[in-house]
>>> print(open('work-v5.txt').read())   # compact mmCIF, C-alpha atoms
# COMPACT_ATOMS: atom_id res chain seq x y z
CA MET G 40 -9.49 -8.38 -4.63
CA HIS G 41 -12.77 -9.27 -6.31
CA PRO G 42 -12.65 -8.23 -9.98
CA ARG G 43 -15.95 -6.36 -9.50
CA PRO G 44 -15.22 -4.41 -6.31
CA LEU G 45 -18.16 -2.01 -6.70
CA SER G 46 -20.78 -4.77 -6.62
CA GLY G 47 -23.73 -3.72 -4.48
CA LEU G 48 -23.44 0.01 -5.22
CA ARG G 49 -26.46 1.59 -6.90
CA VAL G 50 -25.92 4.42 -9.35
CA LEU G 51 -28.55 6.72 -10.85
CA ASP G 52 -27.08 7.89 -14.14
CA LEU G 53 -28.65 11.07 -15.53
CA THR G 54 -25.82 11.63 -17.98
CA ARG G 55 -25.71 11.70 -21.75
CA VAL G 56 -23.29 11.84 -24.69
CA LEU G 57 -19.75 11.23 -23.35
CA ALA G 58 -18.19 12.68 -20.17
CA GLY G 59 -20.89 11.41 -17.80
CA PRO G 60 -21.54 8.10 -19.59
CA TYR G 61 -17.81 7.36 -19.63
CA CYS G 62 -17.69 7.96 -15.87
CA THR G 63 -20.60 5.60 -15.22
CA LEU G 64 -19.18 3.07 -17.71
CA LEU G 65 -16.13 2.73 -15.44
CA LEU G 66 -18.40 2.25 -12.43
CA ALA G 67 -20.48 -0.36 -14.28
CA ASP G 68 -17.37 -2.23 -15.44
CA LEU G 69 -16.27 -2.45 -11.80
CA GLY G 70 -19.59 -3.96 -10.73
CA ALA G 71 -21.89 -1.08 -9.80
CA ASP G 72 -25.60 -1.39 -10.66
CA VAL G 73 -25.96 1.57 -13.03
CA VAL G 74 -29.47 2.72 -13.93
CA LYS G 75 -29.56 5.11 -16.85
CA VAL G 76 -32.42 7.61 -16.45
CA GLU G 77 -33.33 8.78 -19.95
CA ARG G 78 -35.84 11.09 -21.59
CA PRO G 79 -38.92 9.28 -22.90
CA GLU G 80 -39.04 8.65 -26.66
CA THR G 81 -35.55 9.97 -27.52
CA GLY G 82 -33.28 8.95 -24.64
CA ASP G 83 -29.59 9.82 -24.56
CA ASP G 84 -28.57 12.06 -27.48
CA ALA G 85 -25.81 9.55 -28.26
CA ARG G 86 -28.39 7.02 -29.42
CA SER G 87 -28.60 9.08 -32.61
CA PHE G 88 -24.83 9.48 -33.11
CA GLY G 89 -22.91 7.43 -35.68
CA PRO G 90 -21.27 5.22 -36.59
CA PHE G 91 -24.24 2.87 -36.84
CA LEU G 92 -24.54 -0.88 -37.02
CA GLU G 93 -26.34 -2.35 -40.03
CA ASN G 94 -29.55 -2.52 -38.02
CA GLY G 95 -29.42 1.22 -37.38
CA HIS G 96 -28.36 1.09 -33.72
CA SER G 97 -25.61 3.45 -32.59
CA ALA G 98 -22.17 1.94 -32.17
CA TYR G 99 -21.16 5.20 -30.45
CA PHE G 100 -23.81 4.67 -27.77
CA ALA G 101 -23.00 0.98 -27.38
CA SER G 102 -19.30 1.58 -26.80
CA ILE G 103 -19.85 3.67 -23.65
CA ASN G 104 -23.07 2.27 -22.17
CA ARG G 105 -22.40 -1.44 -21.76
CA GLY G 106 -23.79 -3.15 -18.69
CA LYS G 107 -26.21 -0.37 -17.76
CA LYS G 108 -29.99 -0.56 -17.35
CA SER G 109 -32.40 1.97 -18.82
CA ILE G 110 -35.53 3.57 -17.44
CA ALA G 111 -37.35 6.41 -19.20
CA LEU G 112 -38.66 9.12 -16.88
CA ASP G 113 -39.92 12.62 -17.60
CA LEU G 114 -38.60 14.59 -14.64
CA LYS G 115 -41.16 17.33 -15.30
CA ASP G 116 -44.05 14.87 -14.99
CA ASP G 117 -45.41 14.54 -11.44
CA ALA G 118 -45.73 10.74 -11.46
CA ASP G 119 -42.32 10.15 -13.05
CA ARG G 120 -40.77 12.70 -10.72
CA ALA G 121 -42.21 10.87 -7.71
CA THR G 122 -40.76 7.60 -9.03
CA PHE G 123 -37.39 9.25 -9.52
CA LEU G 124 -37.36 10.60 -5.96
CA GLN G 125 -38.12 7.11 -4.67
CA LEU G 126 -35.14 5.81 -6.62
CA VAL G 127 -32.99 8.56 -5.11
CA THR G 128 -33.75 7.31 -1.61
CA ARG G 129 -32.37 3.89 -2.60
CA ALA G 130 -29.33 5.12 -4.54
CA ASP G 131 -25.74 5.31 -3.37
CA ILE G 132 -24.59 7.61 -6.17
CA LEU G 133 -26.19 10.05 -8.60
CA VAL G 134 -24.24 11.34 -11.60
CA GLU G 135 -25.47 14.13 -13.89
CA ASN G 136 -23.77 16.19 -16.58
CA TYR G 137 -26.32 18.86 -17.36
CA ARG G 138 -25.29 22.46 -17.81
CA ALA G 139 -24.90 24.10 -14.38
CA GLY G 140 -28.25 25.30 -13.04
CA THR G 141 -30.41 22.81 -14.95
CA MET G 142 -30.95 20.47 -12.01
CA LEU G 143 -31.68 23.45 -9.75
CA LYS G 144 -34.43 24.59 -12.13
CA LEU G 145 -35.94 21.11 -11.89
CA GLY G 146 -35.75 21.24 -8.09
CA LEU G 147 -33.40 18.25 -8.23
CA ASP G 148 -30.15 19.92 -7.23
CA SER G 149 -27.72 18.39 -4.76
CA GLU G 150 -29.14 20.21 -1.74
CA SER G 151 -32.67 19.04 -2.48
CA LEU G 152 -31.79 15.42 -3.25
CA CYS G 153 -29.41 15.04 -0.32
CA LYS G 154 -32.34 15.89 1.95
CA HIS G 155 -34.11 12.84 0.53
CA ASN G 156 -30.98 10.74 1.02
CA PRO G 157 -28.23 12.14 3.29
CA ARG G 158 -25.90 9.29 2.27
CA LEU G 159 -26.19 10.16 -1.41
CA ILE G 160 -23.01 10.89 -3.35
CA TYR G 161 -24.09 13.52 -5.87
CA ALA G 162 -21.64 14.09 -8.74
CA SER G 163 -22.08 16.96 -11.20
CA LEU G 164 -19.90 16.84 -14.31
CA SER G 165 -20.25 20.04 -16.32
CA GLY G 166 -18.27 22.18 -18.70
CA PHE G 167 -17.35 24.97 -16.32
CA GLY G 168 -18.44 23.82 -12.86
CA GLN G 169 -21.15 24.84 -10.44
CA SER G 170 -19.43 28.06 -9.36
CA GLY G 171 -17.46 30.78 -11.10
CA SER G 172 -18.18 33.37 -13.77
CA ASP G 173 -18.83 30.98 -16.68
CA THR G 174 -21.05 28.35 -15.07
CA ASP G 175 -23.94 28.80 -17.52
CA ARG G 176 -21.74 28.49 -20.61
CA ALA G 177 -22.27 25.51 -22.92
CA ALA G 178 -19.29 23.22 -23.43
CA TYR G 179 -18.26 20.68 -26.01
CA ASP G 180 -14.94 18.87 -26.03
CA ILE G 181 -13.42 20.99 -28.80
CA VAL G 182 -14.42 24.18 -26.98
CA VAL G 183 -12.74 23.01 -23.78
CA GLN G 184 -9.62 21.84 -25.64
CA ALA G 185 -9.35 25.36 -27.04
CA LEU G 186 -10.09 27.22 -23.80
CA SER G 187 -7.84 25.02 -21.64
CA GLY G 188 -4.73 25.69 -23.72
CA LEU G 189 -4.46 22.04 -24.72
CA MET G 190 -5.06 22.83 -28.37
CA SER G 191 -2.41 25.56 -28.29
CA ILE G 192 0.30 22.96 -27.56
CA THR G 193 -1.02 20.31 -29.98
CA GLY G 194 -0.10 20.38 -33.65
CA ALA G 195 2.74 20.35 -36.13
CA GLY G 196 4.10 23.75 -35.14
CA PRO G 197 3.24 27.36 -34.25
CA GLY G 198 0.04 28.49 -35.92
CA GLN G 199 -0.94 24.88 -36.68
CA SER G 200 -2.92 23.98 -33.55
CA VAL G 201 -5.23 20.99 -33.86
CA ARG G 202 -7.73 19.12 -31.74
CA VAL G 203 -6.46 15.99 -30.00
CA GLY G 204 -7.76 13.05 -32.03
CA THR G 205 -10.08 11.78 -29.30
CA SER G 206 -12.52 13.73 -27.11
CA ILE G 207 -9.93 13.83 -24.38
CA SER G 208 -11.55 16.57 -22.26
CA ASP G 209 -14.71 14.46 -21.95
CA ILE G 210 -12.73 11.32 -21.20
CA LEU G 211 -10.56 13.03 -18.58
CA THR G 212 -13.65 14.37 -16.85
CA GLY G 213 -15.18 10.90 -16.80
CA ILE G 214 -12.04 9.40 -15.27
CA PHE G 215 -11.65 12.18 -12.68
CA GLY G 216 -15.35 11.76 -11.91
CA ALA G 217 -15.01 8.03 -11.26
CA VAL G 218 -11.98 8.62 -9.00
CA ALA G 219 -13.85 11.27 -7.02
CA ILE G 220 -16.92 9.04 -6.65
CA VAL G 221 -14.96 6.01 -5.45
CA SER G 222 -13.10 8.28 -3.00
CA ALA G 223 -16.41 9.61 -1.69
CA VAL G 224 -17.72 6.06 -1.26
CA HIS G 225 -14.67 5.25 0.85
CA GLY G 226 -15.12 8.44 2.88
CA ARG G 227 -18.73 7.56 3.57
CA THR G 228 -17.72 4.33 5.30
CA THR G 229 -16.38 6.37 8.20
CA SER G 230 -18.46 9.56 8.07
CA GLY G 231 -21.78 7.97 7.17
CA GLU G 232 -22.52 11.02 5.04
CA GLY G 233 -22.71 11.62 1.33
CA THR G 234 -20.61 14.02 -0.72
CA VAL G 235 -21.38 16.63 -3.37
CA ILE G 236 -18.84 16.46 -6.20
CA ASP G 237 -18.39 19.36 -8.64
CA LEU G 238 -16.18 18.56 -11.63
CA ALA G 239 -15.63 20.86 -14.60
CA MET G 240 -14.29 19.73 -17.98
CA LEU G 241 -12.18 22.87 -18.14
CA ASP G 242 -10.62 22.19 -14.72
CA CYS G 243 -9.93 18.55 -15.57
CA THR G 244 -8.23 19.43 -18.84
CA VAL G 245 -6.09 22.15 -17.25
CA ALA G 246 -5.10 19.65 -14.55
CA ALA G 247 -3.78 17.35 -17.29
CA LEU G 248 -1.55 19.91 -19.02
CA GLU G 249 1.49 18.22 -17.47
CA ASN G 250 4.46 20.62 -17.52
CA ALA G 251 3.01 23.25 -19.88
CA ILE G 252 2.02 25.50 -16.97
CA SER G 253 5.39 25.24 -15.27
CA ARG G 254 7.17 25.92 -18.57
CA PHE G 255 5.23 29.14 -18.90
CA THR G 256 5.64 30.23 -15.27
CA THR G 257 9.40 29.64 -15.32
CA SER G 258 10.10 31.16 -18.74
CA GLY G 259 7.31 33.68 -19.25
CA VAL G 260 6.81 32.27 -22.75
CA SER G 261 3.62 30.43 -23.72
CA PRO G 262 4.41 26.95 -25.04
CA ALA G 263 3.58 26.35 -28.70
CA PRO G 264 2.92 23.14 -30.67
CA LEU G 265 6.08 21.11 -31.21
CA GLY G 266 4.76 18.32 -33.39
CA THR G 267 5.90 15.02 -31.89
CA ARG G 268 8.90 16.54 -30.12
CA HIS G 269 9.06 16.67 -26.31
CA PRO G 270 9.78 20.14 -24.88
CA SER G 271 12.46 19.03 -22.43
CA ILE G 272 13.65 15.54 -23.46
CA THR G 273 15.67 15.10 -26.66
CA PRO G 274 15.52 13.07 -28.86
CA PHE G 275 11.94 12.13 -28.08
CA GLN G 276 9.91 12.37 -31.30
CA SER G 277 9.14 10.87 -34.69
CA PHE G 278 11.68 10.59 -37.48
CA PRO G 279 11.21 9.81 -41.17
CA THR G 280 12.91 6.68 -42.42
CA ALA G 281 13.47 5.42 -45.95
CA ASP G 282 9.76 4.53 -46.10
CA VAL G 283 7.50 5.43 -43.13
CA PRO G 284 8.13 7.39 -39.91
CA ILE G 285 8.83 5.86 -36.52
CA VAL G 286 9.03 7.30 -33.01
CA VAL G 287 12.15 7.15 -30.85
CA ALA G 288 12.41 8.01 -27.16
CA ALA G 289 15.98 8.27 -25.93
CA GLY G 290 14.91 9.48 -22.51
CA ASN G 291 18.31 9.65 -20.80
CA ASP G 292 22.01 10.00 -21.58
CA SER G 293 22.64 6.24 -21.58
CA LEU G 294 19.93 5.69 -24.17
CA TRP G 295 21.33 8.59 -26.18
CA THR G 296 24.75 6.95 -26.30
CA ALA G 297 23.16 3.64 -27.31
CA LEU G 298 21.20 5.40 -30.04
CA CYS G 299 24.36 6.92 -31.46
CA ARG G 300 25.95 3.46 -31.66
CA CYS G 301 22.82 2.05 -33.26
CA LEU G 302 22.93 4.76 -35.92
CA ASP G 303 26.68 4.28 -36.48
CA ARG G 304 27.10 7.89 -35.41
CA GLU G 305 29.20 7.59 -32.26
CA ASP G 306 30.59 11.03 -33.08
CA LEU G 307 27.27 12.60 -32.07
CA ALA G 308 27.59 11.23 -28.51
CA THR G 309 30.72 13.32 -27.91
CA ASP G 310 29.65 16.36 -29.89
CA PRO G 311 29.64 19.23 -27.33
CA ARG G 312 26.24 20.35 -28.64
CA PHE G 313 24.66 17.02 -27.74
CA VAL G 314 26.48 15.59 -24.71
CA SER G 315 23.73 16.15 -22.13
CA ASN G 316 19.97 16.23 -22.44
CA ALA G 317 20.02 19.97 -21.79
CA ASP G 318 22.58 20.37 -24.60
CA ARG G 319 20.50 18.28 -26.99
CA THR G 320 17.32 20.16 -26.17
CA GLY G 321 19.05 23.49 -26.59
CA HIS G 322 20.36 22.44 -30.02
CA HIS G 323 17.37 20.36 -31.10
CA GLU G 324 17.23 21.83 -34.60
CA GLU G 325 20.82 20.84 -35.40
CA LEU G 326 20.29 17.42 -33.82
CA ASP G 327 17.06 16.89 -35.72
CA ALA G 328 18.87 17.45 -38.99
CA GLU G 329 21.60 14.96 -38.09
CA LEU G 330 19.18 12.26 -36.95
CA THR G 331 16.79 12.76 -39.85
CA GLN G 332 19.64 12.23 -42.28
CA ALA G 333 20.74 9.07 -40.45
CA PHE G 334 17.28 7.51 -40.16
CA SER G 335 16.53 8.16 -43.83
CA GLN G 336 19.16 5.58 -44.83
CA ARG G 337 17.14 2.49 -43.85
CA PRO G 338 13.47 1.39 -43.86
CA ALA G 339 11.39 1.47 -40.69
CA THR G 340 11.34 -2.28 -40.08
CA GLU G 341 15.13 -2.47 -40.08
CA TRP G 342 15.47 0.49 -37.74
CA LEU G 343 12.88 -0.90 -35.36
CA ARG G 344 14.73 -4.20 -35.24
CA ARG G 345 18.06 -2.52 -34.57
CA LEU G 346 16.59 -0.17 -31.97
CA ALA G 347 14.88 -3.04 -30.14
CA THR G 348 18.14 -5.00 -30.05
CA ALA G 349 19.87 -1.95 -28.57
CA GLY G 350 17.15 -1.53 -25.95
CA ILE G 351 16.04 1.87 -27.21
CA PRO G 352 12.30 2.61 -26.83
CA SER G 353 10.80 2.98 -30.29
CA ALA G 354 7.65 2.15 -32.20
CA PRO G 355 5.91 2.36 -35.55
CA ILE G 356 3.06 4.84 -35.85
CA ARG G 357 0.27 2.32 -36.10
CA SER G 358 -3.17 2.70 -37.63
CA ILE G 359 -6.29 1.75 -35.68
CA GLU G 360 -6.51 -1.31 -37.95
CA ASP G 361 -3.02 -2.32 -36.78
CA VAL G 362 -3.96 -1.77 -33.15
CA VAL G 363 -7.07 -3.95 -33.39
CA ALA G 364 -4.90 -6.75 -34.82
CA ASP G 365 -2.31 -6.51 -32.01
CA PRO G 366 -1.85 -9.94 -30.37
CA HIS G 367 -0.48 -8.38 -27.17
CA LEU G 368 -3.69 -6.41 -26.65
CA ALA G 369 -5.67 -9.55 -27.39
CA SER G 370 -3.66 -11.45 -24.77
CA ARG G 371 -4.50 -8.68 -22.31
CA GLU G 372 -8.23 -9.14 -23.03
CA MET G 373 -8.48 -5.57 -24.30
CA TRP G 374 -11.09 -6.44 -26.94
CA HIS G 375 -14.72 -6.94 -26.04
CA THR G 376 -17.60 -7.91 -28.31
CA MET G 377 -20.93 -6.22 -27.73
CA ASN G 378 -24.31 -7.58 -28.79
CA ASP G 379 -27.07 -4.98 -29.10
CA GLY G 380 -29.83 -7.57 -28.71
CA HIS G 381 -31.06 -7.02 -32.24
CA GLY G 382 -28.55 -9.08 -34.15
CA GLY G 383 -25.86 -6.44 -34.22
CA GLU G 384 -22.34 -7.12 -32.96
CA LEU G 385 -19.61 -4.60 -32.27
CA LEU G 386 -15.99 -4.96 -31.24
CA THR G 387 -15.06 -2.38 -28.60
CA ALA G 388 -12.15 -1.67 -26.28
CA GLY G 389 -12.34 -3.68 -23.10
CA SER G 390 -11.49 -2.54 -19.59
CA PRO G 391 -7.89 -1.69 -18.64
CA PHE G 392 -8.52 -2.66 -15.01
CA ARG G 393 -6.63 -5.72 -13.78
CA MET G 394 -7.06 -6.85 -10.20
CA ASN G 395 -5.19 -9.91 -8.96
CA ASP G 396 -4.34 -10.59 -12.60
CA THR G 397 -8.05 -10.68 -13.45
CA ALA G 398 -9.98 -8.42 -15.78
CA PRO G 399 -13.50 -7.50 -14.67
CA PRO G 400 -16.25 -9.48 -16.42
CA LEU G 401 -17.86 -7.09 -18.90
CA SER G 402 -21.45 -7.10 -20.01
CA PRO G 403 -21.97 -7.85 -23.71
CA THR G 404 -25.17 -5.82 -23.87
CA THR G 405 -26.34 -2.22 -23.96
CA PRO G 406 -29.83 -1.17 -22.91
CA ASP G 407 -32.70 -0.34 -25.21
CA LEU G 408 -34.50 2.81 -24.14
CA ASP G 409 -36.68 2.04 -21.08
CA GLU G 410 -35.86 -1.67 -21.40
CA HIS G 411 -35.54 -2.24 -17.66
CA HIS G 412 -38.35 -0.03 -16.34
CA GLN G 413 -40.26 -2.69 -14.43
CA GLU G 414 -37.14 -4.58 -13.39
CA ILE G 415 -35.66 -1.45 -11.82
CA LEU G 416 -38.83 -0.58 -9.94
CA SER G 417 -39.09 -4.12 -8.68
CA GLN G 418 -35.46 -4.49 -7.61
CA TRP G 419 -34.97 -1.02 -6.16
CA LEU G 420 -38.34 -0.04 -4.72
CA MET G 421 -39.60 -3.40 -3.49
CA ASP G 422 -36.37 -4.12 -1.64
CA ASP G 423 -36.86 -3.22 2.04
CA SER G 424 -33.28 -4.09 2.98
CA ARG G 425 -31.95 -0.64 2.07
>>> encode(input="work-v5.txt", output="structure tokens")
Amino acid sequence: MHPRPLSGLRVLDLTRVLAGPYCTLLLADLGADVVKVERPETGDDARSFGPFLENGHSAYFASINRGKKSIALDLKDDADRATFLQLVTRADILVENYRAGTMLKLGLDSESLCKHNPRLIYASLSGFGQSGSDTDRAAYDIVVQALSGLMSITGAGPGQSVRVGTSISDILTGIFGAVAIVSAVHGRTTSGEGTVIDLAMLDCTVAALENAISRFTTSGVSPAPLGTRHPSITPFQSFPTADVPIVVAAGNDSLWTALCRCLDREDLATDPRFVSNADRTGHHEELDAELTQAFSQRPATEWLRRLATAGIPSAPIRSIEDVVADPHLASREMWHTMNDGHGGELLTAGSPFRMNDTAPPLSPTTPDLDEHHQEILSQWLMDDSR
């Protein structure tokens, strides 16, 4: 497979900040021609978000807008609106993440634009979706993490709920959005018709709650934060050592037996409280005390060496600095250097996509506001082949 399988697809990107731009970043990385339609003068809000490079340009913006082109259009201005509608007729995909109802007020909703281009795939990414009782409600990632229940199961323990350390609701929505768009592109090859996609951050986050919903529906008890512990696999958590904590995942009975040997605590493997995973989970507090005492006898590096030799999944809790220095990630081409065109360089995460053992070629640049105005008009509107 070609490492840029979406080459030839044209995307109008009306998104800003994170969920929408992350969605179109994935499309751009895979070869789509992504045109970022921005407000004149100010552009995407993220252009003003830190951290900043020494030249004042936003590293936040650069990290999620590589490889895109920018055109500034005022969609309330008659001339700019006419230009935009011309672009719509040549687009394969349109992505927007305005609050529900905003595009309708502009007369640029899915029904209107699909009349201009019946093959258009129109994707709306919003906080609460285009239907339902809360469609006009504003959403930020932390709000959705709270409303979805995700925050209620994240933290050190009951009453200590915290936000996940990345804007995971935005990111999930971007990923779900890209999957839906690519699926719609495939569907269009047989139907010849476009698709209207309605994705809500709240829905996407609820869909990613894993087994929290089933735990509630089977027990009648709302799950609470468990720190690093897994609710149904034990031991599967972090443990303090003589210096710094490590994580250990003994995900089945064979690994549990191996862990007991590694700890020189074979007696625990035959202890009736800990024989099966169900037993260990039911007596996790007693087991935690036993394992904490055992792990505290040696430093982390020694335990990690012993655990690796025994084939037991384990890891240090690394800092971002440690991650950036990881040679395995470097060998996987997971680091990508951006150049903002003004002398500023920024190391960012690369693409996780690998196709036929090949990573997609990533653009090293991000667009200045309205940088590609004339180029876009020339390439899209003067091309009579579409």
>>> atom_distance(input="work-v5.txt", atom1="atom CA of Met377 of chain G", atom2="atom CA of Leu45 of chain G")
21.6 Å
>>> residues_around(input="work-v5.txt", residues="Gly140 of chain G", least_positions_apart="5", cutoff="10 Å", atoms="only C-alpha atoms", output="list in words")
Leu145, Gly146, Leu147, Asp148, Gly168, Gln169, Ser170, Thr174 and Asp175 of chain G
>>> closest_residue(input="work-v5.txt", among="G:Ser200, G:Thr122, G:Thr404, G:Ser102", to="Leu416 of chain G", atoms="all atoms listed in the file")
G:Thr122
>>> closest_residue(input="work-v5.txt", among="G:Val287, G:Leu48, G:Met373, G:Ile415", to="Ala354 of chain G", atoms="all atoms listed in the file")
G:Val287
>>> closest_residue(input="work-v5.txt", among="G:Arg300, G:Lys107, G:Arg158, G:Arg55", to="Glu135 of chain G", atoms="only C-alpha atoms")
G:Arg55
>>> closest_atom_pairs(input="work-v5.txt", of="segment 353-378 of chain G", to="segment 279-285 of chain G", cutoff="9 Å", atoms="all atoms listed in the file", output="Markdown table")
| residue | atom | partner | partner_atom | distance |
| --- | --- | --- | --- | --- |
| G:Ser353 | CA | G:Ile285 | CA | 7.1 |
| G:Ala354 | CA | G:Ile285 | CA | 5.8 |
| G:Pro355 | CA | G:Ile285 | CA | 4.7 |
| G:Ile356 | CA | G:Ile285 | CA | 5.9 |
>>> write_last_selection(input="work-v5.txt", atoms="C-alpha atoms", output="JSON list (two decimals), in the coordinates of the input")
[["chain", "number", "residue", "atom", "x", "y", "z"],
["G", 353, "SER", "CA", 10.80, 2.98, -30.29],
["G", 354, "ALA", "CA", 7.65, 2.15, -32.20],
["G", 355, "PRO", "CA", 5.91, 2.36, -35.55],
["G", 356, "ILE", "CA", 3.06, 4.84, -35.85]]
>>> residues_around(input="work-v5.txt", residues="segment 320-333 of chain G", least_positions_apart="5", cutoff="8 Å", atoms="all atoms listed in the file", output="number ranges by chain")
G: 270-274, 278-280, 302, 312-313
>>> closest_residue(input="work-v5.txt", among="G:Gly89, G:Gly213, G:Gly171, G:Pro197", to="Asn136 of chain G", atoms="all atoms listed in the file")
G:Gly213
>>> residues_around(input="work-v5.txt", residues="segment 345-348 of chain G", least_positions_apart="6", cutoff="12 Å", atoms="all atoms listed in the file", output="ChimeraX atom specification")
/G:285-289,294-295,297-303,334,337-339,354-355
>>> atom_distance(input="work-v5.txt", atom1="atom CA of Ala111 of chain G", atom2="atom CA of Gly59 of chain G")
17.3 Å
>>> closest_residue(input="work-v5.txt", among="G:Ser109, G:Ser277, G:Ser46, G:Asn94", to="Pro406 of chain G", atoms="only C-alpha atoms")
G:Ser109
>>> build_atoms(input="work-v5.txt", residues="segment 192-212 of chain G", atoms="N, CA and C atoms", output="PDB file, keeping the file's coordinate frame")
ATOM      1  N   ILE G 192      -0.973  23.690 -27.609  1.00  0.00           N
ATOM      2  CA  ILE G 192       0.300  22.960 -27.560  1.00  0.00           C
ATOM      3  C   ILE G 192       0.232  21.675 -28.377  1.00  0.00           C
ATOM      4  N   THR G 193      -0.824  21.514 -29.179  1.00  0.00           N
ATOM      5  CA  THR G 193      -1.020  20.310 -29.980  1.00  0.00           C
ATOM      6  C   THR G 193      -1.034  20.672 -31.456  1.00  0.00           C
ATOM      7  N   GLY G 194      -0.150  20.080 -32.231  1.00  0.00           N
ATOM      8  CA  GLY G 194      -0.100  20.380 -33.650  1.00  0.00           C
ATOM      9  C   GLY G 194       1.317  20.265 -34.183  1.00  0.00           C
ATOM     10  N   ALA G 195       1.445  20.509 -35.481  1.00  0.00           N
ATOM     11  CA  ALA G 195       2.740  20.350 -36.130  1.00  0.00           C
ATOM     12  C   ALA G 195       3.721  21.457 -35.802  1.00  0.00           C
ATOM     13  N   GLY G 196       3.218  22.632 -35.437  1.00  0.00           N
ATOM     14  CA  GLY G 196       4.100  23.750 -35.140  1.00  0.00           C
ATOM     15  C   GLY G 196       3.297  24.997 -34.850  1.00  0.00           C
ATOM     16  N   PRO G 197       3.944  26.109 -34.544  1.00  0.00           N
ATOM     17  CA  PRO G 197       3.240  27.360 -34.250  1.00  0.00           C
ATOM     18  C   PRO G 197       2.263  27.728 -35.366  1.00  0.00           C
ATOM     19  N   GLY G 198       1.071  28.123 -34.962  1.00  0.00           N
ATOM     20  CA  GLY G 198       0.040  28.490 -35.920  1.00  0.00           C
ATOM     21  C   GLY G 198      -0.664  27.312 -36.550  1.00  0.00           C
ATOM     22  N   GLN G 199      -0.337  26.089 -36.102  1.00  0.00           N
ATOM     23  CA  GLN G 199      -0.940  24.880 -36.680  1.00  0.00           C
ATOM     24  C   GLN G 199      -1.620  24.038 -35.603  1.00  0.00           C
ATOM     25  N   SER G 200      -2.269  24.689 -34.649  1.00  0.00           N
ATOM     26  CA  SER G 200      -2.920  23.980 -33.550  1.00  0.00           C
ATOM     27  C   SER G 200      -4.049  23.097 -34.068  1.00  0.00           C
ATOM     28  N   VAL G 201      -4.170  21.923 -33.481  1.00  0.00           N
ATOM     29  CA  VAL G 201      -5.230  20.990 -33.860  1.00  0.00           C
ATOM     30  C   VAL G 201      -5.853  20.389 -32.613  1.00  0.00           C
ATOM     31  N   ARG G 202      -7.046  19.838 -32.798  1.00  0.00           N
ATOM     32  CA  ARG G 202      -7.730  19.120 -31.740  1.00  0.00           C
ATOM     33  C   ARG G 202      -7.051  17.760 -31.532  1.00  0.00           C
ATOM     34  N   VAL G 203      -6.913  17.344 -30.287  1.00  0.00           N
ATOM     35  CA  VAL G 203      -6.460  15.990 -30.000  1.00  0.00           C
ATOM     36  C   VAL G 203      -7.446  15.029 -30.660  1.00  0.00           C
ATOM     37  N   GLY G 204      -6.942  13.912 -31.188  1.00  0.00           N
ATOM     38  CA  GLY G 204      -7.760  13.050 -32.030  1.00  0.00           C
ATOM     39  C   GLY G 204      -8.840  12.253 -31.334  1.00  0.00           C
ATOM     40  N   THR G 205      -8.966  12.370 -30.032  1.00  0.00           N
ATOM     41  CA  THR G 205     -10.080  11.780 -29.300  1.00  0.00           C
ATOM     42  C   THR G 205     -10.662  12.879 -28.411  1.00  0.00           C
ATOM     43  N   SER G 206     -11.878  12.693 -27.935  1.00  0.00           N
ATOM     44  CA  SER G 206     -12.520  13.730 -27.110  1.00  0.00           C
ATOM     45  C   SER G 206     -11.950  13.664 -25.695  1.00  0.00           C
ATOM     46  N   ILE G 207     -10.699  14.065 -25.593  1.00  0.00           N
ATOM     47  CA  ILE G 207      -9.930  13.830 -24.380  1.00  0.00           C
ATOM     48  C   ILE G 207     -10.446  14.616 -23.182  1.00  0.00           C
ATOM     49  N   SER G 208     -11.020  15.803 -23.394  1.00  0.00           N
ATOM     50  CA  SER G 208     -11.550  16.570 -22.260  1.00  0.00           C
ATOM     51  C   SER G 208     -12.740  15.844 -21.635  1.00  0.00           C
ATOM     52  N   ASP G 209     -13.594  15.261 -22.463  1.00  0.00           N
ATOM     53  CA  ASP G 209     -14.710  14.460 -21.950  1.00  0.00           C
ATOM     54  C   ASP G 209     -14.183  13.239 -21.200  1.00  0.00           C
ATOM     55  N   ILE G 210     -13.238  12.544 -21.804  1.00  0.00           N
ATOM     56  CA  ILE G 210     -12.730  11.320 -21.200  1.00  0.00           C
ATOM     57  C   ILE G 210     -12.037  11.602 -19.869  1.00  0.00           C
ATOM     58  N   LEU G 211     -11.218  12.653 -19.834  1.00  0.00           N
ATOM     59  CA  LEU G 211     -10.560  13.030 -18.580  1.00  0.00           C
ATOM     60  C   LEU G 211     -11.568  13.323 -17.485  1.00  0.00           C
ATOM     61  N   THR G 212     -12.629  14.027 -17.833  1.00  0.00           N
ATOM     62  CA  THR G 212     -13.650  14.370 -16.850  1.00  0.00           C
ATOM     63  C   THR G 212     -14.340  13.117 -16.336  1.00  0.00           C
TER      64      THR G 212
END
